[in-house]
>>> print(open('my_file25.cif').read())   # mmCIF, C-alpha atoms
data_data
loop_
_atom_site.group_PDB
_atom_site.id
_atom_site.type_symbol
_atom_site.label_atom_id
_atom_site.label_comp_id
_atom_site.auth_asym_id
_atom_site.auth_seq_id
_atom_site.Cartn_x
_atom_site.Cartn_y
_atom_site.Cartn_z
ATOM 1 C CA MET E 295 27.056 57.763 -7.550
ATOM 2 C CA SER E 296 25.621 59.479 -10.564
ATOM 3 C CA ALA E 297 22.000 59.370 -11.701
ATOM 4 C CA GLU E 298 23.057 57.261 -14.673
ATOM 5 C CA GLN E 299 24.649 54.598 -12.410
ATOM 6 C CA THR E 300 21.549 54.548 -10.152
ATOM 7 C CA HIS E 301 19.285 54.131 -13.166
ATOM 8 C CA SER E 302 21.555 51.325 -14.463
ATOM 9 C CA SER E 303 21.474 49.521 -11.061
ATOM 10 C CA ALA E 304 17.669 49.715 -10.988
ATOM 11 C CA GLU E 305 17.483 48.215 -14.499
ATOM 12 C CA VAL E 306 19.779 45.351 -13.500
ATOM 13 C CA ALA E 307 17.735 44.661 -10.355
ATOM 14 C CA ALA E 308 14.464 44.706 -12.324
ATOM 15 C CA ARG E 309 15.920 42.324 -14.922
ATOM 16 C CA VAL E 310 17.117 39.897 -12.220
ATOM 17 C CA GLU E 311 13.711 40.001 -10.487
ATOM 18 C CA ARG E 312 11.950 39.270 -13.795
ATOM 19 C CA ARG E 313 14.235 36.281 -14.373
ATOM 20 C CA TRP E 314 13.581 34.849 -10.908
ATOM 21 C CA GLY E 315 9.854 35.487 -11.307
ATOM 22 C CA THR E 316 9.886 33.661 -14.629
ATOM 23 C CA ILE E 317 11.772 30.722 -13.079
ATOM 24 C CA ALA E 318 9.243 30.530 -10.213
ATOM 25 C CA VAL E 319 6.301 30.515 -12.638
ATOM 26 C CA ILE E 320 7.970 27.794 -14.736
ATOM 27 C CA ILE E 321 8.489 25.641 -11.623
ATOM 28 C CA VAL E 322 4.833 26.017 -10.561
ATOM 29 C CA VAL E 323 3.596 25.172 -14.077
ATOM 30 C CA MET E 324 5.904 22.112 -14.250
ATOM 31 C CA MET E 325 4.641 20.834 -10.884
ATOM 32 C CA ALA E 326 1.023 21.265 -12.002
ATOM 33 C CA LEU E 327 1.753 19.364 -15.226
ATOM 34 C CA LEU E 328 3.453 16.537 -13.303
ATOM 35 C CA ALA E 329 0.479 16.249 -10.926
ATOM 36 C CA ALA E 330 -1.950 16.157 -13.865
ATOM 37 C CA PHE E 331 0.171 13.533 -15.649
ATOM 38 C CA ALA E 332 0.306 11.332 -12.524
ATOM 39 C CA GLY E 333 -3.451 11.627 -12.037
ATOM 40 C CA ILE E 334 -4.191 10.762 -15.641
ATOM 41 C CA HIS E 335 -1.975 7.670 -15.458
ATOM 42 C CA ARG E 336 -3.631 6.418 -12.259
ATOM 43 C CA ALA E 337 -0.489 6.868 -10.214
ATOM 44 C CA THR E 338 -2.444 8.523 -7.427
ATOM 45 C CA MET E 339 -5.424 7.604 -5.299
ATOM 46 C CA PRO E 340 -8.309 6.847 -5.460
ATOM 47 C CA GLN E 341 -8.220 3.406 -6.961
ATOM 48 C CA PRO E 342 -9.750 3.142 -10.417
ATOM 49 C CA ARG E 343 -12.009 0.326 -9.251
ATOM 50 C CA VAL E 344 -13.762 0.404 -5.885
ATOM 51 C CA GLU E 345 -15.041 -2.834 -4.381
ATOM 52 C CA THR E 346 -17.341 -2.856 -1.393
ATOM 53 C CA THR E 347 -18.338 -5.433 1.195
ATOM 54 C CA ASP E 348 -20.644 -5.524 4.222
ATOM 55 C CA PRO E 349 -18.367 -5.333 7.293
ATOM 56 C CA SER E 350 -21.107 -6.710 9.575
ATOM 57 C CA ARG E 351 -21.226 -9.992 7.572
ATOM 58 C CA LEU E 352 -17.522 -10.586 6.834
ATOM 59 C CA HIS E 353 -17.222 -13.786 8.855
ATOM 60 C CA LEU E 354 -20.622 -15.121 7.768
ATOM 61 C CA SER E 355 -20.573 -15.099 3.969
ATOM 62 C CA GLY E 356 -18.675 -13.926 0.916
ATOM 63 C CA GLU E 357 -15.005 -13.633 0.092
ATOM 64 C CA PHE E 358 -13.794 -13.021 3.654
ATOM 65 C CA VAL E 359 -15.318 -15.997 5.526
ATOM 66 C CA GLU E 360 -12.788 -17.560 7.855
ATOM 67 C CA SER E 361 -12.255 -20.647 5.675
ATOM 68 C CA ASN E 362 -11.256 -18.378 2.758
ATOM 69 C CA LEU E 363 -8.594 -16.342 4.630
ATOM 70 C CA GLY E 364 -4.867 -16.863 4.069
ATOM 71 C CA SER E 365 -2.791 -17.600 0.978
ATOM 72 C CA VAL E 366 -3.917 -19.650 -1.998
ATOM 73 C CA LEU E 367 -2.016 -20.679 -5.126
ATOM 74 C CA GLU E 368 -4.081 -19.780 -8.195
ATOM 75 C CA ALA E 369 -4.163 -21.852 -11.404
ATOM 76 C CA ASN E 370 -1.984 -19.269 -13.231
ATOM 77 C CA GLY E 371 0.816 -19.553 -10.610
ATOM 78 C CA ASN E 372 0.024 -16.270 -8.858
ATOM 79 C CA VAL E 373 -0.863 -16.147 -5.167
ATOM 80 C CA THR E 374 -3.885 -14.425 -3.626
ATOM 81 C CA VAL E 375 -3.864 -13.526 0.059
ATOM 82 C CA ARG E 376 -7.095 -12.585 1.845
ATOM 83 C CA ALA E 377 -6.978 -10.953 5.291
ATOM 84 C CA ILE E 378 -9.117 -8.965 7.720
ATOM 85 C CA GLY E 379 -7.987 -6.225 10.103
ATOM 86 C CA GLN E 380 -9.997 -5.916 13.295
ATOM 87 C CA GLN E 381 -9.349 -4.499 16.723
ATOM 88 C CA TYR E 382 -6.610 -5.533 17.687
ATOM 89 C CA SER E 383 -5.394 -8.190 15.282
ATOM 90 C CA PHE E 384 -5.036 -9.314 11.707
ATOM 91 C CA THR E 385 -6.711 -12.531 10.587
ATOM 92 C CA PRO E 386 -4.644 -14.501 9.784
ATOM 93 C CA ALA E 387 -1.949 -13.112 12.070
ATOM 94 C CA CYS E 388 0.770 -14.767 10.006
ATOM 95 C CA ILE E 389 0.689 -14.914 6.216
ATOM 96 C CA VAL E 390 2.880 -17.314 4.248
ATOM 97 C CA VAL E 391 3.822 -16.477 0.623
ATOM 98 C CA PRO E 392 6.413 -17.708 -1.901
ATOM 99 C CA VAL E 393 9.466 -15.766 -2.992
ATOM 100 C CA ASP E 394 9.628 -14.234 -6.521
ATOM 101 C CA THR E 395 5.934 -14.717 -7.249
ATOM 102 C CA PRO E 396 3.233 -12.144 -8.084
ATOM 103 C CA ILE E 397 1.040 -11.788 -4.997
ATOM 104 C CA THR E 398 -2.305 -10.018 -4.689
ATOM 105 C CA LEU E 399 -3.240 -8.953 -1.163
ATOM 106 C CA ARG E 400 -7.007 -8.461 -0.755
ATOM 107 C CA ALA E 401 -7.962 -7.147 2.664
ATOM 108 C CA THR E 402 -10.676 -5.253 4.485
ATOM 109 C CA SER E 403 -11.584 -4.094 7.974
ATOM 110 C CA ALA E 404 -14.335 -5.401 10.196
ATOM 111 C CA ASP E 405 -14.658 -2.356 12.461
ATOM 112 C CA VAL E 406 -12.518 0.801 12.107
ATOM 113 C CA VAL E 407 -9.788 2.086 9.779
ATOM 114 C CA HIS E 408 -6.620 0.003 10.021
ATOM 115 C CA GLY E 409 -3.483 -0.041 7.919
ATOM 116 C CA ILE E 410 -1.137 -2.710 6.663
ATOM 117 C CA LEU E 411 2.524 -1.815 6.405
ATOM 118 C CA ILE E 412 4.984 -4.586 5.573
ATOM 119 C CA GLN E 413 8.331 -3.427 6.871
ATOM 120 C CA GLY E 414 11.235 -3.457 4.441
ATOM 121 C CA THR E 415 8.902 -3.269 1.408
ATOM 122 C CA ASN E 416 6.781 -0.670 -0.344
ATOM 123 C CA VAL E 417 3.515 -2.371 0.741
ATOM 124 C CA ASN E 418 1.393 0.155 2.611
ATOM 125 C CA THR E 419 -2.398 0.219 2.376
ATOM 126 C CA MET E 420 -5.383 1.319 4.400
ATOM 127 C CA LEU E 421 -8.175 -1.048 5.411
ATOM 128 C CA VAL E 422 -11.477 0.819 5.517
ATOM 129 C CA PRO E 423 -14.681 -0.864 6.746
ATOM 130 C CA GLY E 424 -16.960 -1.602 3.810
ATOM 131 C CA TYR E 425 -14.205 -1.411 1.186
ATOM 132 C CA ILE E 426 -11.786 -4.003 -0.177
ATOM 133 C CA SER E 427 -8.157 -2.909 -0.527
ATOM 134 C CA GLU E 428 -6.099 -4.636 -3.178
ATOM 135 C CA GLN E 429 -2.312 -4.410 -3.176
ATOM 136 C CA LEU E 430 0.064 -6.106 -5.612
ATOM 137 C CA MET E 431 3.410 -7.227 -4.246
ATOM 138 C CA ARG E 432 6.403 -9.481 -4.860
ATOM 139 C CA PHE E 433 9.105 -10.481 -2.394
ATOM 140 C CA THR E 434 12.633 -10.930 -3.763
ATOM 141 C CA LYS E 435 14.117 -12.700 -0.745
ATOM 142 C CA ALA E 436 12.873 -15.216 1.777
ATOM 143 C CA GLY E 437 12.490 -14.308 5.433
ATOM 144 C CA ASP E 438 10.099 -12.922 8.014
ATOM 145 C CA TYR E 439 8.648 -9.428 7.603
ATOM 146 C CA LEU E 440 6.803 -7.571 10.360
ATOM 147 C CA MET E 441 3.348 -6.232 9.509
ATOM 148 C CA PRO E 442 2.166 -3.618 12.026
ATOM 149 C CA CYS E 443 -1.071 -1.675 11.830
ATOM 150 C CA GLN E 444 0.069 1.823 10.834
ATOM 151 C CA GLU E 445 -3.289 3.617 11.355
ATOM 152 C CA PHE E 446 -4.210 4.460 14.943
ATOM 153 C CA CYS E 447 -7.275 2.304 15.603
ATOM 154 C CA SER E 448 -7.879 2.916 19.344
ATOM 155 C CA PHE E 449 -6.385 1.732 22.620
ATOM 156 C CA GLY E 450 -4.495 -1.486 21.972
ATOM 157 C CA HIS E 451 -3.266 -0.299 18.573
ATOM 158 C CA GLU E 452 0.373 -0.661 19.613
ATOM 159 C CA GLY E 453 -0.113 -4.432 20.003
ATOM 160 C CA MET E 454 -1.629 -4.955 16.547
ATOM 161 C CA TRP E 455 1.138 -6.774 14.699
ATOM 162 C CA GLY E 456 1.156 -9.477 12.073
ATOM 163 C CA LYS E 457 3.882 -11.296 10.197
ATOM 164 C CA VAL E 458 4.579 -12.244 6.586
ATOM 165 C CA LYS E 459 6.677 -15.368 6.164
ATOM 166 C CA VAL E 460 8.283 -15.593 2.691
ATOM 167 C CA ILE E 461 9.365 -19.123 1.782
ATOM 168 C CA ASP E 462 10.791 -20.971 -1.228
ATOM 169 C CA LYS E 463 8.421 -21.460 -4.206
ATOM 170 C CA THR E 464 8.629 -25.260 -4.213
ATOM 171 C CA GLU E 465 7.988 -25.484 -0.467
ATOM 172 C CA PHE E 466 4.971 -23.201 -0.886
ATOM 173 C CA ALA E 467 3.647 -25.297 -3.801
ATOM 174 C CA ASP E 468 4.039 -28.501 -1.736
ATOM 175 C CA ARG E 469 2.176 -26.960 1.203
ATOM 176 C CA ALA E 470 -0.548 -25.606 -1.110
ATOM 177 C CA LYS E 471 -1.162 -29.080 -2.601
ATOM 178 C CA SER E 472 -1.786 -30.603 0.798
ATOM 179 C CA SER E 473 -3.560 -27.750 2.610
ATOM 180 C CA GLY E 474 -5.294 -25.452 0.119
ATOM 181 C CA ARG E 475 -5.391 -22.227 2.146
ATOM 182 C CA LEU E 476 -2.124 -21.416 3.909
ATOM 183 C CA SER E 477 -1.090 -19.398 6.923
ATOM 184 C CA CYS E 478 1.790 -19.719 9.352
ATOM 185 C CA VAL E 479 -0.235 -19.147 12.515
ATOM 186 C CA GLY E 480 1.166 -21.306 15.308
ATOM 187 C CA GLN E 481 4.543 -21.883 13.653
#
>>> encode(input="my_file25.cif", output="structure tokens")
Amino acid sequence: MSAEQTHSSAEVAARVERRWGTIAVIIVVMMALLAAFAGIHRATMPQPRVETTDPSRLHLSGEFVESNLGSVLEANGNVTVRAIGQQYSFTPACIVVPVDTPITLRATSADVVHGILIQGTNVNTMLVPGYISEQLMRFTKAGDYLMPCQEFCSFGHEGMWGKVKVIDKTEFADRAKSSGRLSCVGQ
């Protein structure tokens, strides 16, 4: 191999390395721009609005008293569900909601960090003592969905399961007229 061929090979290698270096820098810059864009458009945590509550008084007064837990049909046709996570259960343990309706889940924890994961959906939120978690959801088909606690909360965590029962809109409206707050506990 002559000196000219060696010099030519070194130039080709340097050119290829510069190209790959440029591609790597472009990828890093693009990822940084995407992260900034997502953050600016509130697509990442933390929530833009933080609501607090006193976890030692949940059952005594305020939004999360026992008579206010469960599903309620609002005047605008939307449904609001209020729930509490506590060792080792959800209250109510079974939530009933209508199909194809905007639903707002408002939940908190009475003791330690818990999590709500509704299987087969994209609903996944943490329940932190002292803070109210709000999750928007809509179910497209009726049925029963399991709702396990997905944050380890201590011994007994594996038995912390709830259920979401999705029913027809008219059936839900009929139940809401007669009962007010709804849950499917005991059904």
>>> atom_distance(input="my_file25.cif", atom1="CA of Gly456 (chain E)", atom2="CA of Gly371 (chain E)")
24.8 Å
>>> resolve_selection(input="my_file25.cif", expression="the PyMOL selection byres ((chain E and resi 437-444) around 9)", output="PyMOL selection string")
chain E and resi 379+382-384+388+408-415+418-420+435-436+445-447+451-461
>>> atom_distance(input="my_file25.cif", atom1="CA of Thr402 (chain E)", atom2="CA of Pro349 (chain E)")
8.2 Å
>>> residues_around(input="my_file25.cif", residues="Gln380 (chain E)", least_positions_apart="3", cutoff="6 Å", atoms="all atoms listed in the file", output="list in words")
Ser383, Ser403, Ala404 and Asp405 of chain E
>>> atom_distance(input="my_file25.cif", atom1="CA of Arg376 (chain E)", atom2="CA of Ala401 (chain E)")
5.6 Å
>>> closest_residue(input="my_file25.cif", among="E:Val407, E:Leu352, E:Val344, E:Val366", to="Ile389 (chain E)", atoms="all atoms listed in the file")
E:Val366
>>> closest_residue(input="my_file25.cif", among="E:Arg313, E:Arg351, E:Arg343, E:Arg469", to="Val391 (chain E)", atoms="only C-alpha atoms")
E:Arg469
>>> closest_residue(input="my_file25.cif", among="E:Thr385, E:Thr434, E:Ser472, E:Ser350", to="Gly364 (chain E)", atoms="all atoms listed in the file")
E:Thr385
>>> closest_residue(input="my_file25.cif", among="E:Glu360, E:Thr347, E:Val373, E:Glu465", to="Leu421 (chain E)", atoms="all atoms listed in the file")
E:Thr347
>>> closest_residue(input="my_file25.cif", among="E:Pro386, E:His353, E:Met324, E:Thr346", to="Glu428 (chain E)", atoms="all atoms listed in the file")
E:Thr346
>>> axis_aligned_box(input="my_file25.cif", around="region 363-366 of chain E", padding_each_side="3 Å", output="JSON")
{"center_x": -5.7, "center_y": -18.0, "center_z": 1.3, "size_x": 11.8, "size_y": 9.3, "size_z": 12.6}
>>> closest_residue(input="my_file25.cif", among="E:Ala308, E:Ile426, E:Val323, E:Val393", to="Asp462 (chain E)", atoms="only C-alpha atoms")
E:Val393
>>> resolve_selection(input="my_file25.cif", expression="the PyMOL selection byres ((chain E and resi 395-397) around 7)", output="list of chain:residue names")
E:Asn372, E:Val373, E:Thr374, E:Pro392, E:Val393, E:Asp394, E:Thr398, E:Leu399, E:Leu430, E:Met431, E:Arg432
>>> build_atoms(input="my_file25.cif", residues="region 312-323 of chain E", atoms="all heavy atoms", output="JSON list (two decimals), in the frame of the given file")
[["chain", "number", "residue", "atom", "x", "y", "z"],
["E", 312, "ARG", "N", 12.78, 39.87, -12.73],
["E", 312, "ARG", "CA", 11.95, 39.27, -13.80],
["E", 312, "ARG", "C", 12.41, 37.84, -14.08],
["E", 312, "ARG", "O", 11.60, 36.94, -14.27],
["E", 312, "ARG", "CB", 12.01, 40.11, -15.06],
["E", 312, "ARG", "CG", 11.02, 41.25, -15.09],
["E", 312, "ARG", "CD", 10.87, 41.85, -16.48],
["E", 312, "ARG", "NE", 12.11, 42.35, -17.06],
["E", 312, "ARG", "CZ", 12.64, 43.56, -16.82],
["E", 312, "ARG", "NH1", 12.00, 44.40, -16.03],
["E", 312, "ARG", "NH2", 13.78, 43.92, -17.38],
["E", 313, "ARG", "N", 13.71, 37.63, -14.12],
["E", 313, "ARG", "CA", 14.24, 36.28, -14.37],
["E", 313, "ARG", "C", 13.81, 35.31, -13.27],
["E", 313, "ARG", "O", 13.35, 34.20, -13.55],
["E", 313, "ARG", "CB", 15.76, 36.31, -14.48],
["E", 313, "ARG", "CG", 16.24, 36.88, -15.78],
["E", 313, "ARG", "CD", 17.73, 36.82, -15.87],
["E", 313, "ARG", "NE", 18.19, 37.53, -17.05],
["E", 313, "ARG", "CZ", 19.40, 38.03, -17.20],
["E", 313, "ARG", "NH1", 20.29, 37.89, -16.24],
["E", 313, "ARG", "NH2", 19.74, 38.66, -18.30],
["E", 314, "TRP", "N", 13.98, 35.72, -12.02],
["E", 314, "TRP", "CA", 13.58, 34.85, -10.91],
["E", 314, "TRP", "C", 12.07, 34.64, -10.89],
["E", 314, "TRP", "O", 11.59, 33.54, -10.59],
["E", 314, "TRP", "CB", 14.06, 35.41, -9.57],
["E", 314, "TRP", "CG", 15.51, 35.10, -9.33],
["E", 314, "TRP", "CD1", 16.54, 35.97, -9.32],
["E", 314, "TRP", "CD2", 16.07, 33.80, -9.10],
["E", 314, "TRP", "NE1", 17.72, 35.31, -9.10],
["E", 314, "TRP", "CE2", 17.46, 33.97, -8.96],
["E", 314, "TRP", "CE3", 15.55, 32.52, -9.02],
["E", 314, "TRP", "CZ2", 18.32, 32.90, -8.72],
["E", 314, "TRP", "CZ3", 16.41, 31.46, -8.78],
["E", 314, "TRP", "CH2", 17.78, 31.66, -8.64],
["E", 315, "GLY", "N", 11.31, 35.63, -11.21],
["E", 315, "GLY", "CA", 9.85, 35.49, -11.31],
["E", 315, "GLY", "C", 9.47, 34.50, -12.39],
["E", 315, "GLY", "O", 8.59, 33.65, -12.20],
["E", 316, "THR", "N", 10.15, 34.59, -13.53],
["E", 316, "THR", "CA", 9.89, 33.66, -14.63],
["E", 316, "THR", "C", 10.25, 32.24, -14.22],
["E", 316, "THR", "O", 9.48, 31.29, -14.49],
["E", 316, "THR", "CB", 10.69, 34.08, -15.87],
["E", 316, "THR", "OG1", 10.34, 35.43, -16.22],
["E", 316, "THR", "CG2", 10.43, 33.16, -17.04],
["E", 317, "ILE", "N", 11.36, 32.05, -13.54],
["E", 317, "ILE", "CA", 11.77, 30.72, -13.08],
["E", 317, "ILE", "C", 10.74, 30.16, -12.10],
["E", 317, "ILE", "O", 10.36, 28.99, -12.19],
["E", 317, "ILE", "CB", 13.19, 30.77, -12.45],
["E", 317, "ILE", "CG1", 14.23, 31.03, -13.54],
["E", 317, "ILE", "CG2", 13.49, 29.49, -11.68],
["E", 317, "ILE", "CD1", 15.63, 31.32, -13.02],
["E", 318, "ALA", "N", 10.25, 30.98, -11.18],
["E", 318, "ALA", "CA", 9.24, 30.53, -10.21],
["E", 318, "ALA", "C", 7.96, 30.10, -10.91],
["E", 318, "ALA", "O", 7.37, 29.06, -10.59],
["E", 318, "ALA", "CB", 8.96, 31.64, -9.20],
["E", 319, "VAL", "N", 7.52, 30.87, -11.88],
["E", 319, "VAL", "CA", 6.30, 30.52, -12.64],
["E", 319, "VAL", "C", 6.51, 29.21, -13.40],
["E", 319, "VAL", "O", 5.63, 28.34, -13.42],
["E", 319, "VAL", "CB", 5.90, 31.67, -13.58],
["E", 319, "VAL", "CG1", 4.84, 31.23, -14.57],
["E", 319, "VAL", "CG2", 5.42, 32.86, -12.78],
["E", 320, "ILE", "N", 7.68, 29.04, -14.01],
["E", 320, "ILE", "CA", 7.97, 27.79, -14.74],
["E", 320, "ILE", "C", 7.93, 26.59, -13.80],
["E", 320, "ILE", "O", 7.37, 25.54, -14.13],
["E", 320, "ILE", "CB", 9.33, 27.90, -15.48],
["E", 320, "ILE", "CG1", 9.19, 28.88, -16.65],
["E", 320, "ILE", "CG2", 9.81, 26.54, -15.95],
["E", 320, "ILE", "CD1", 10.51, 29.23, -17.30],
["E", 321, "ILE", "N", 8.50, 26.74, -12.60],
["E", 321, "ILE", "CA", 8.49, 25.64, -11.62],
["E", 321, "ILE", "C", 7.06, 25.28, -11.22],
["E", 321, "ILE", "O", 6.69, 24.11, -11.17],
["E", 321, "ILE", "CB", 9.36, 26.00, -10.39],
["E", 321, "ILE", "CG1", 10.83, 26.00, -10.78],
["E", 321, "ILE", "CG2", 9.09, 25.04, -9.23],
["E", 321, "ILE", "CD1", 11.76, 26.53, -9.71],
["E", 322, "VAL", "N", 6.23, 26.27, -10.95],
["E", 322, "VAL", "CA", 4.83, 26.02, -10.56],
["E", 322, "VAL", "C", 4.07, 25.33, -11.70],
["E", 322, "VAL", "O", 3.35, 24.36, -11.49],
["E", 322, "VAL", "CB", 4.13, 27.33, -10.14],
["E", 322, "VAL", "CG1", 2.64, 27.14, -9.99],
["E", 322, "VAL", "CG2", 4.74, 27.85, -8.84],
["E", 323, "VAL", "N", 4.27, 25.78, -12.92],
["E", 323, "VAL", "CA", 3.60, 25.17, -14.08],
["E", 323, "VAL", "C", 4.07, 23.73, -14.26],
["E", 323, "VAL", "O", 3.26, 22.83, -14.50],
["E", 323, "VAL", "CB", 3.83, 26.02, -15.36],
["E", 323, "VAL", "CG1", 3.41, 25.26, -16.59],
["E", 323, "VAL", "CG2", 3.09, 27.34, -15.25]]
